[in-house]
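Trainee: My questions all concern the structure below.
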Amino acid sequence: MPPLRLGSLEVATPVVLAPMAGVTNAAFRRLCGEQGAGLYVCEMITSRGLVEGDETTTRMLVFDEAEEVRSVQLYGTDPAYVGKATEILISEHGVAHVDLNFGCPVPKVTRKGGGAALPWKRRLLAEILEAAVTAGERHGVPVTMKTRKGIDEDHLTYRDAGRIAQETGVAAIALHGRTAVQGYSGTADWDAIGDLVQHVDIPVLGNGDVWEASDALRMVEQTGAAGVVVGRGCLGRPWLFRDLADAFAGRSTTTLPTLGEVAVMMRRHAELLAGQQQSEEWGCKEFRKHVAWYLKGFPVGGDLRRALALVSGLDELDGLLAQLDPAAPFPVLELGTPRGRQGSPRKGVALPEGWLDDTDGTACVVREDAAETTGG
């Protein structure tokens, strides 16, 4: 695979880490980066929160010293806020790549016309993209966007979103092959990704159901995508990026670490989290959510799992990890299976009243919450 080109930015391995709330912080990005190559995107932040100096938003803009390319996903519904926020990210935080989120299916976001609901309003989408791209162009920083197929199968938006992205100067578009009503359930529609590739000239990145490196290769071969976006597949498996880097370099690798090797990775993760905020207690609390993902499928008793999920210090973590069987082999039955949240399709998508009545949207901006932290 050739490198992924986003304007002046070149990504040698065409793999992007999808922003995930509470997961893709500086520590996790460092951990994944140590395993392979690609573009690692910060947790999603809101344009309003950044412009108004929201404390929660500011705390999320932490970058590791090893991050050569600072990449942030931005969420917003107001073109003026998005433009200003893009300028702040670049000029004040040294960000070299800005991604705009139009893929979040969470009700508290879509009911305000944000996330996956916003591309229905074509003109509003164009104004937001133009504002961000204009700010980025002043500094030579590429702007990309992520979206879904649409609100539901009767209200698809991805083709128009791709056309508008190309017309406004967006460097690439990532398509999650699900609708908002699907959430994370069911199977991703890779045919839609291939269809978008045929309808635009800018790079298209495929997202959805990349659980193994072999899935990434199949997606690229099937769709013609310029690269892949990986989210839930790397939860508890940062070494997936090693396999992906090898796969796109023409080497076939499937990393199958023993439980002892996984324990070493877990310790490294907790250590990086503690260093991120210079707080061992904070780092260990943040680490708790990752325990179940790391141990998925391994023969670990319930008492030990619960103790690890309540760990509060690195010494305590060391003692608990020492109780794991280091020789236990990787559970191969877990390969290729979904990880993280899945759920069921929703009965409908929460939208502002009258949202579907027209496709303009320039007079119906509903401000997002300043400290919104989600993704999609």
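Ordering of the structure tokens sets the chain letters (A, B, ...); residue numbers start at 1 within each chain; ligands are numbered from 1 in the order shown.
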Need the shell around stretch 221-224 of chain A: protein/DNA/RNA residues with any atom at most 9 Å away, counting only C-alpha atoms. Skip same-chain ones fewer than 5 positions apart. Format as an NGL selection string?
Mentor: :A and (190-198 or 204 or 206 or 216)
Trainee: Extract, using only C-alpha atoms, all DNA, RNA and protein residues at most 12 Å from A:Ile151, discarding same-chain residues fewer than 2 positions from it, and format them as a ChimeraX atom specification.
Mentor: /A:102-107,110-111,113-121,147-149,153-158,177-183,345-351,355-356
Trainee: Do you have the atom CA of A:Ala135-atom CA of A:Val230 distance handy?
Mentor: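 Computing the Euclidean distance for atom CA of A:Ala135 and atom CA of A:Val230 yields 27.1 Å.
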Trainee: Among stretch 26-259 of chain A, which ones does DSSP place in helix (DSSP H, G or I), written as a count of residues only?
Mentor: 109
Trainee: Pick from A:Ala188, A:Leu100, A:Cys284, A:Ala226: nearest to A:Val82, with only C-alpha atoms counted?
Mentor: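 Nearest candidate to A:Val82 out of A:Ala188, A:Leu100, A:Cys284, A:Ala226: A:Leu100.
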Trainee: Might you pull out every residue within 10 Å of A:Pro329, with only C-alpha atoms counted and same-chain residues fewer than 4 positions away left off, and present them as a PyMOL selection string?
Mentor: chain A and resi 256-261+298-299+325
Trainee: For the selection just defined, write its residues with all heavy atoms to a file, as an mmCIF file, in the first residue's frame.
Mentor:
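This is the output file part_29.cif:
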```cif
data_model
loop_
_atom_site.group_PDB
_atom_site.id
_atom_site.type_symbol
_atom_site.label_atom_id
_atom_site.label_comp_id
_atom_site.auth_asym_id
_atom_site.auth_seq_id
_atom_site.Cartn_x
_atom_site.Cartn_y
_atom_site.Cartn_z
ATOM 1 N N LEU A 256 0.112 -13.142 18.759
ATOM 2 C CA LEU A 256 -0.623 -13.951 19.731
ATOM 3 C C LEU A 256 0.166 -13.978 21.041
ATOM 4 O O LEU A 256 0.858 -14.950 21.350
ATOM 5 C CB LEU A 256 -0.832 -15.377 19.200
ATOM 6 C CG LEU A 256 -1.640 -15.510 17.909
ATOM 7 C CD1 LEU A 256 -1.650 -16.949 17.426
ATOM 8 C CD2 LEU A 256 -3.068 -15.013 18.139
ATOM 9 N N PRO A 257 0.077 -12.920 21.831
ATOM 10 C CA PRO A 257 0.866 -12.855 23.067
ATOM 11 C C PRO A 257 0.336 -13.808 24.136
ATOM 12 O O PRO A 257 -0.865 -14.062 24.226
ATOM 13 C CB PRO A 257 0.686 -11.402 23.508
ATOM 14 C CG PRO A 257 -0.659 -11.014 22.954
ATOM 15 C CD PRO A 257 -0.768 -11.730 21.640
ATOM 16 N N THR A 258 1.253 -14.322 24.929
ATOM 17 C CA THR A 258 0.837 -15.106 26.087
ATOM 18 C C THR A 258 0.254 -14.149 27.131
ATOM 19 O O THR A 258 0.402 -12.930 27.034
ATOM 20 C CB THR A 258 2.029 -15.845 26.707
ATOM 21 O OG1 THR A 258 2.979 -14.865 27.172
ATOM 22 C CG2 THR A 258 2.695 -16.768 25.689
ATOM 23 N N LEU A 259 -0.372 -14.717 28.146
ATOM 24 C CA LEU A 259 -0.944 -13.876 29.191
ATOM 25 C C LEU A 259 0.151 -13.105 29.916
ATOM 26 O O LEU A 259 -0.064 -11.965 30.350
ATOM 27 C CB LEU A 259 -1.743 -14.742 30.183
ATOM 28 C CG LEU A 259 -2.506 -14.003 31.281
ATOM 29 C CD1 LEU A 259 -3.385 -12.904 30.703
ATOM 30 C CD2 LEU A 259 -3.346 -14.991 32.103
ATOM 31 N N GLY A 260 1.334 -13.684 30.015
ATOM 32 C CA GLY A 260 2.442 -12.974 30.636
ATOM 33 C C GLY A 260 2.836 -11.744 29.840
ATOM 34 O O GLY A 260 3.130 -10.684 30.406
ATOM 35 N N GLU A 261 2.841 -11.873 28.524
ATOM 36 C CA GLU A 261 3.169 -10.737 27.668
ATOM 37 C C GLU A 261 2.073 -9.679 27.713
ATOM 38 O O GLU A 261 2.350 -8.479 27.662
ATOM 39 C CB GLU A 261 3.399 -11.217 26.235
ATOM 40 C CG GLU A 261 4.652 -12.073 26.095
ATOM 41 C CD GLU A 261 4.751 -12.766 24.749
ATOM 42 O OE1 GLU A 261 3.707 -13.198 24.216
ATOM 43 O OE2 GLU A 261 5.875 -12.864 24.217
ATOM 44 N N PHE A 298 -9.124 -14.962 28.178
ATOM 45 C CA PHE A 298 -8.083 -15.647 28.943
ATOM 46 C C PHE A 298 -8.689 -16.332 30.178
ATOM 47 O O PHE A 298 -9.686 -15.849 30.735
ATOM 48 C CB PHE A 298 -7.007 -14.659 29.404
ATOM 49 C CG PHE A 298 -5.984 -14.315 28.354
ATOM 50 C CD1 PHE A 298 -6.025 -13.086 27.712
ATOM 51 C CD2 PHE A 298 -4.983 -15.223 28.019
ATOM 52 C CE1 PHE A 298 -5.082 -12.759 26.747
ATOM 53 C CE2 PHE A 298 -4.027 -14.901 27.054
ATOM 54 C CZ PHE A 298 -4.078 -13.668 26.412
ATOM 55 N N PRO A 299 -8.090 -17.430 30.643
ATOM 56 C CA PRO A 299 -8.585 -18.130 31.837
ATOM 57 C C PRO A 299 -8.165 -17.407 33.110
ATOM 58 O O PRO A 299 -7.168 -17.765 33.752
ATOM 59 C CB PRO A 299 -7.937 -19.506 31.728
ATOM 60 C CG PRO A 299 -6.648 -19.247 31.002
ATOM 61 C CD PRO A 299 -6.953 -18.145 30.020
ATOM 62 N N ASP A 325 -1.337 -16.457 35.125
ATOM 63 C CA ASP A 325 -0.509 -17.544 34.584
ATOM 64 C C ASP A 325 0.221 -17.018 33.353
ATOM 65 O O ASP A 325 -0.382 -16.842 32.289
ATOM 66 C CB ASP A 325 -1.388 -18.729 34.202
ATOM 67 C CG ASP A 325 -0.601 -19.865 33.561
ATOM 68 O OD1 ASP A 325 0.638 -19.766 33.518
ATOM 69 O OD2 ASP A 325 -1.240 -20.828 33.084
#
```
Trainee: Quick one: everything within 8 Å of A:Ala270, counting only C-alpha atoms, minus sequence neighbours fewer than 5 positions away in the same chain. Send it as a list in words.
Mentor: Gly283, Cys284, Phe287 and Leu314 of chain A
Trainee: List as a PDB file with all heavy atoms, in the first residue's frame the protein and nucleic acid residues near A:Tyr40, meaning an atom at most 9 Å away when only C-alpha atoms are counted, but skip any in the same chain fewer than 3 places from it.
Mentor:
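Final output, saved to around15.pdb:
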```pdb
ATOM      1  N   VAL A  15      -3.159   3.764   8.236  1.00  0.00           N
ATOM      2  CA  VAL A  15      -4.009   3.329   9.344  1.00  0.00           C
ATOM      3  C   VAL A  15      -4.217   4.509  10.290  1.00  0.00           C
ATOM      4  O   VAL A  15      -3.257   5.192  10.652  1.00  0.00           O
ATOM      5  CB  VAL A  15      -3.361   2.156  10.111  1.00  0.00           C
ATOM      6  CG1 VAL A  15      -4.187   1.797  11.338  1.00  0.00           C
ATOM      7  CG2 VAL A  15      -3.207   0.943   9.204  1.00  0.00           C
ATOM      8  N   VAL A  16      -5.461   4.725  10.689  1.00  0.00           N
ATOM      9  CA  VAL A  16      -5.796   5.817  11.597  1.00  0.00           C
ATOM     10  C   VAL A  16      -6.487   5.244  12.823  1.00  0.00           C
ATOM     11  O   VAL A  16      -7.415   4.431  12.701  1.00  0.00           O
ATOM     12  CB  VAL A  16      -6.720   6.850  10.915  1.00  0.00           C
ATOM     13  CG1 VAL A  16      -7.092   7.968  11.887  1.00  0.00           C
ATOM     14  CG2 VAL A  16      -6.044   7.430   9.675  1.00  0.00           C
ATOM     15  N   LEU A  17      -6.025   5.637  13.997  1.00  0.00           N
ATOM     16  CA  LEU A  17      -6.691   5.262  15.244  1.00  0.00           C
ATOM     17  C   LEU A  17      -7.914   6.143  15.421  1.00  0.00           C
ATOM     18  O   LEU A  17      -7.816   7.369  15.463  1.00  0.00           O
ATOM     19  CB  LEU A  17      -5.746   5.448  16.430  1.00  0.00           C
ATOM     20  CG  LEU A  17      -6.376   5.347  17.828  1.00  0.00           C
ATOM     21  CD1 LEU A  17      -6.914   3.940  18.084  1.00  0.00           C
ATOM     22  CD2 LEU A  17      -5.371   5.741  18.905  1.00  0.00           C
ATOM     23  N   ALA A  18      -9.088   5.526  15.510  1.00  0.00           N
ATOM     24  CA  ALA A  18     -10.328   6.283  15.675  1.00  0.00           C
ATOM     25  C   ALA A  18     -10.402   6.884  17.066  1.00  0.00           C
ATOM     26  O   ALA A  18     -10.077   6.218  18.055  1.00  0.00           O
ATOM     27  CB  ALA A  18     -11.535   5.372  15.452  1.00  0.00           C
ATOM     28  N   PRO A  19     -10.816   8.139  17.180  1.00  0.00           N
ATOM     29  CA  PRO A  19     -11.003   8.735  18.508  1.00  0.00           C
ATOM     30  C   PRO A  19     -12.080   7.980  19.282  1.00  0.00           C
ATOM     31  O   PRO A  19     -13.155   7.709  18.749  1.00  0.00           O
ATOM     32  CB  PRO A  19     -11.452  10.166  18.197  1.00  0.00           C
ATOM     33  CG  PRO A  19     -11.063  10.400  16.774  1.00  0.00           C
ATOM     34  CD  PRO A  19     -11.151   9.068  16.101  1.00  0.00           C
ATOM     35  N   THR A  24      -8.712   7.049  23.882  1.00  0.00           N
ATOM     36  CA  THR A  24      -7.572   7.462  23.053  1.00  0.00           C
ATOM     37  C   THR A  24      -6.898   8.723  23.597  1.00  0.00           C
ATOM     38  O   THR A  24      -6.684   9.694  22.871  1.00  0.00           O
ATOM     39  CB  THR A  24      -8.003   7.658  21.585  1.00  0.00           C
ATOM     40  OG1 THR A  24      -9.081   8.604  21.528  1.00  0.00           O
ATOM     41  CG2 THR A  24      -8.468   6.356  20.977  1.00  0.00           C
ATOM     42  N   ARG A  29      -2.457   6.493  23.039  1.00  0.00           N
ATOM     43  CA  ARG A  29      -1.866   6.789  21.736  1.00  0.00           C
ATOM     44  C   ARG A  29      -0.379   6.435  21.738  1.00  0.00           C
ATOM     45  O   ARG A  29       0.146   5.905  20.756  1.00  0.00           O
ATOM     46  CB  ARG A  29      -2.074   8.256  21.371  1.00  0.00           C
ATOM     47  CG  ARG A  29      -3.543   8.657  21.256  1.00  0.00           C
ATOM     48  CD  ARG A  29      -3.732   9.991  20.552  1.00  0.00           C
ATOM     49  NE  ARG A  29      -2.991  11.099  21.125  1.00  0.00           N
ATOM     50  CZ  ARG A  29      -3.416  11.882  22.102  1.00  0.00           C
ATOM     51  NH1 ARG A  29      -4.598  11.651  22.664  1.00  0.00           N
ATOM     52  NH2 ARG A  29      -2.693  12.897  22.550  1.00  0.00           N
ATOM     53  N   ARG A  30       0.316   6.733  22.824  1.00  0.00           N
ATOM     54  CA  ARG A  30       1.744   6.383  22.943  1.00  0.00           C
ATOM     55  C   ARG A  30       1.913   4.865  22.884  1.00  0.00           C
ATOM     56  O   ARG A  30       2.796   4.353  22.195  1.00  0.00           O
ATOM     57  CB  ARG A  30       2.292   6.942  24.252  1.00  0.00           C
ATOM     58  CG  ARG A  30       3.686   6.445  24.653  1.00  0.00           C
ATOM     59  CD  ARG A  30       4.778   7.036  23.777  1.00  0.00           C
ATOM     60  NE  ARG A  30       6.115   6.597  24.209  1.00  0.00           N
ATOM     61  CZ  ARG A  30       6.890   7.288  25.044  1.00  0.00           C
ATOM     62  NH1 ARG A  30       6.474   8.447  25.546  1.00  0.00           N
ATOM     63  NH2 ARG A  30       8.080   6.845  25.371  1.00  0.00           N
ATOM     64  N   CYS A  32      -0.048   2.574  21.537  1.00  0.00           N
ATOM     65  CA  CYS A  32      -0.304   2.068  20.183  1.00  0.00           C
ATOM     66  C   CYS A  32       0.835   2.449  19.250  1.00  0.00           C
ATOM     67  O   CYS A  32       1.260   1.652  18.410  1.00  0.00           O
ATOM     68  CB  CYS A  32      -1.628   2.618  19.650  1.00  0.00           C
ATOM     69  SG  CYS A  32      -3.088   2.001  20.513  1.00  0.00           S
ATOM     70  N   GLY A  33       1.331   3.666  19.401  1.00  0.00           N
ATOM     71  CA  GLY A  33       2.418   4.121  18.559  1.00  0.00           C
ATOM     72  C   GLY A  33       3.685   3.317  18.753  1.00  0.00           C
ATOM     73  O   GLY A  33       4.476   3.146  17.818  1.00  0.00           O
ATOM     74  N   ALA A  37       2.712   1.714  13.270  1.00  0.00           N
ATOM     75  CA  ALA A  37       2.766   3.023  12.625  1.00  0.00           C
ATOM     76  C   ALA A  37       1.368   3.429  12.190  1.00  0.00           C
ATOM     77  O   ALA A  37       0.492   2.591  12.012  1.00  0.00           O
ATOM     78  CB  ALA A  37       3.705   2.982  11.421  1.00  0.00           C
ATOM     79  N   GLU A  67       4.795  12.108  20.302  1.00  0.00           N
ATOM     80  CA  GLU A  67       3.865  12.334  19.196  1.00  0.00           C
ATOM     81  C   GLU A  67       4.444  13.353  18.219  1.00  0.00           C
ATOM     82  O   GLU A  67       4.464  14.555  18.492  1.00  0.00           O
ATOM     83  CB  GLU A  67       2.506  12.817  19.721  1.00  0.00           C
ATOM     84  CG  GLU A  67       1.735  11.736  20.449  1.00  0.00           C
ATOM     85  CD  GLU A  67       0.314  12.169  20.801  1.00  0.00           C
ATOM     86  OE1 GLU A  67      -0.587  12.039  19.957  1.00  0.00           O
ATOM     87  OE2 GLU A  67       0.120  12.635  21.939  1.00  0.00           O
ATOM     88  N   VAL A  69       3.194  13.906  15.177  1.00  0.00           N
ATOM     89  CA  VAL A  69       2.068  14.562  14.508  1.00  0.00           C
ATOM     90  C   VAL A  69       0.900  14.631  15.499  1.00  0.00           C
ATOM     91  O   VAL A  69       0.352  13.610  15.897  1.00  0.00           O
ATOM     92  CB  VAL A  69       1.629  13.788  13.247  1.00  0.00           C
ATOM     93  CG1 VAL A  69       0.422  14.465  12.604  1.00  0.00           C
ATOM     94  CG2 VAL A  69       2.779  13.703  12.249  1.00  0.00           C
ATOM     95  N   ARG A  70       0.554  15.838  15.875  1.00  0.00           N
ATOM     96  CA  ARG A  70      -0.570  16.019  16.783  1.00  0.00           C
ATOM     97  C   ARG A  70      -1.865  16.073  15.969  1.00  0.00           C
ATOM     98  O   ARG A  70      -2.014  16.922  15.087  1.00  0.00           O
ATOM     99  CB  ARG A  70      -0.411  17.302  17.598  1.00  0.00           C
ATOM    100  CG  ARG A  70       0.774  17.245  18.553  1.00  0.00           C
ATOM    101  CD  ARG A  70       0.855  18.483  19.427  1.00  0.00           C
ATOM    102  NE  ARG A  70       1.908  18.354  20.425  1.00  0.00           N
ATOM    103  CZ  ARG A  70       2.120  19.224  21.396  1.00  0.00           C
ATOM    104  NH1 ARG A  70       1.353  20.311  21.493  1.00  0.00           N
ATOM    105  NH2 ARG A  70       3.085  19.031  22.272  1.00  0.00           N
ATOM    106  N   SER A  71      -2.759  15.147  16.287  1.00  0.00           N
ATOM    107  CA  SER A  71      -4.005  15.015  15.536  1.00  0.00           C
ATOM    108  C   SER A  71      -5.178  15.067  16.502  1.00  0.00           C
ATOM    109  O   SER A  71      -5.171  14.389  17.533  1.00  0.00           O
ATOM    110  CB  SER A  71      -4.007  13.685  14.767  1.00  0.00           C
ATOM    111  OG  SER A  71      -5.251  13.454  14.156  1.00  0.00           O
ATOM    112  N   VAL A  72      -6.186  15.875  16.178  1.00  0.00           N
ATOM    113  CA  VAL A  72      -7.341  16.053  17.070  1.00  0.00           C
ATOM    114  C   VAL A  72      -8.632  15.961  16.269  1.00  0.00           C
ATOM    115  O   VAL A  72      -8.724  16.492  15.154  1.00  0.00           O
ATOM    116  CB  VAL A  72      -7.289  17.427  17.779  1.00  0.00           C
ATOM    117  CG1 VAL A  72      -8.560  17.666  18.583  1.00  0.00           C
ATOM    118  CG2 VAL A  72      -6.070  17.507  18.692  1.00  0.00           C
TER     119      VAL A  72
END
```
Trainee: Which residues are near A:Cys234? Cut-off 8 Å, only C-alpha atoms, ignore same chain within fewer than 6 positions. Put them as a PDB file with all heavy atoms, in the first residue's frame.
Mentor:
```pdb
ATOM      1  N   TRP A 211     -11.271  -6.006  12.786  1.00  0.00           N
ATOM      2  CA  TRP A 211     -10.891  -6.663  14.034  1.00  0.00           C
ATOM      3  C   TRP A 211      -9.480  -7.228  13.966  1.00  0.00           C
ATOM      4  O   TRP A 211      -8.823  -7.401  14.986  1.00  0.00           O
ATOM      5  CB  TRP A 211     -11.869  -7.786  14.365  1.00  0.00           C
ATOM      6  CG  TRP A 211     -13.301  -7.373  14.289  1.00  0.00           C
ATOM      7  CD1 TRP A 211     -14.245  -7.818  13.413  1.00  0.00           C
ATOM      8  CD2 TRP A 211     -13.980  -6.403  15.116  1.00  0.00           C
ATOM      9  NE1 TRP A 211     -15.446  -7.187  13.630  1.00  0.00           N
ATOM     10  CE2 TRP A 211     -15.322  -6.317  14.671  1.00  0.00           C
ATOM     11  CE3 TRP A 211     -13.567  -5.598  16.178  1.00  0.00           C
ATOM     12  CZ2 TRP A 211     -16.257  -5.465  15.251  1.00  0.00           C
ATOM     13  CZ3 TRP A 211     -14.501  -4.746  16.769  1.00  0.00           C
ATOM     14  CH2 TRP A 211     -15.825  -4.692  16.312  1.00  0.00           C
ATOM     15  N   LEU A 240      -2.309  -4.704  17.796  1.00  0.00           N
ATOM     16  CA  LEU A 240      -2.961  -4.797  16.492  1.00  0.00           C
ATOM     17  C   LEU A 240      -2.282  -3.861  15.488  1.00  0.00           C
ATOM     18  O   LEU A 240      -2.215  -4.158  14.296  1.00  0.00           O
ATOM     19  CB  LEU A 240      -4.446  -4.452  16.611  1.00  0.00           C
ATOM     20  CG  LEU A 240      -5.254  -4.430  15.307  1.00  0.00           C
ATOM     21  CD1 LEU A 240      -5.219  -5.784  14.606  1.00  0.00           C
ATOM     22  CD2 LEU A 240      -6.701  -4.012  15.578  1.00  0.00           C
ATOM     23  N   PHE A 241      -1.754  -2.735  15.970  1.00  0.00           N
ATOM     24  CA  PHE A 241      -1.100  -1.799  15.062  1.00  0.00           C
ATOM     25  C   PHE A 241       0.217  -2.355  14.516  1.00  0.00           C
ATOM     26  O   PHE A 241       0.663  -1.963  13.441  1.00  0.00           O
ATOM     27  CB  PHE A 241      -0.891  -0.450  15.757  1.00  0.00           C
ATOM     28  CG  PHE A 241      -2.167   0.302  15.933  1.00  0.00           C
ATOM     29  CD1 PHE A 241      -2.885   0.205  17.119  1.00  0.00           C
ATOM     30  CD2 PHE A 241      -2.687   1.067  14.912  1.00  0.00           C
ATOM     31  CE1 PHE A 241      -4.085   0.881  17.279  1.00  0.00           C
ATOM     32  CE2 PHE A 241      -3.886   1.742  15.057  1.00  0.00           C
ATOM     33  CZ  PHE A 241      -4.591   1.646  16.244  1.00  0.00           C
TER      34      PHE A 241
END
```
Trainee: Hey, can you check how far atom CA of A:Val291 sits from atom CA of A:Leu308?
Mentor: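 Going from atom CA of A:Val291 over to atom CA of A:Leu308 covers 6.8 Å.
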Trainee: Pick out each residue of stretch 126-319 of chain A that DSSP on the backbone tags as strand (DSSP E or B); I need them as a list in words.
Mentor: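 Output for stretch 126-319 of chain A, strand (DSSP E or B) only: Val143, Thr144, Met145, Lys146, Thr147, Arg148, Gly150, Ile151, Asp152, His155, Leu156, Ile173, Ala174, Leu175, His176, Val204, Leu205, Gly206, Asn207, Gly227, Val228, Val229 and Val230 of chain A.
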Trainee: Would you compute the distance between atom CA of A:Glu130 and atom CA of A:Val41? Give it in Å to one decimal.
Mentor: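 It comes out at 21.3 Å.
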Trainee: Tell me which of A:Ala274, A:Leu235, A:Glu55, A:Pro2 sits closest to A:Lys289, counting only C-alpha atoms.
Mentor: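 Smallest distance to A:Lys289 is found for A:Leu235.
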Trainee: Tell me which of A:Met60, A:Ala292, A:Leu324, A:Leu31 sits closest to A:Met265, counting only C-alpha atoms.
Mentor: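 Of A:Met60, A:Ala292, A:Leu324, A:Leu31, the one nearest A:Met265, counting only C-alpha atoms, is A:Leu31.
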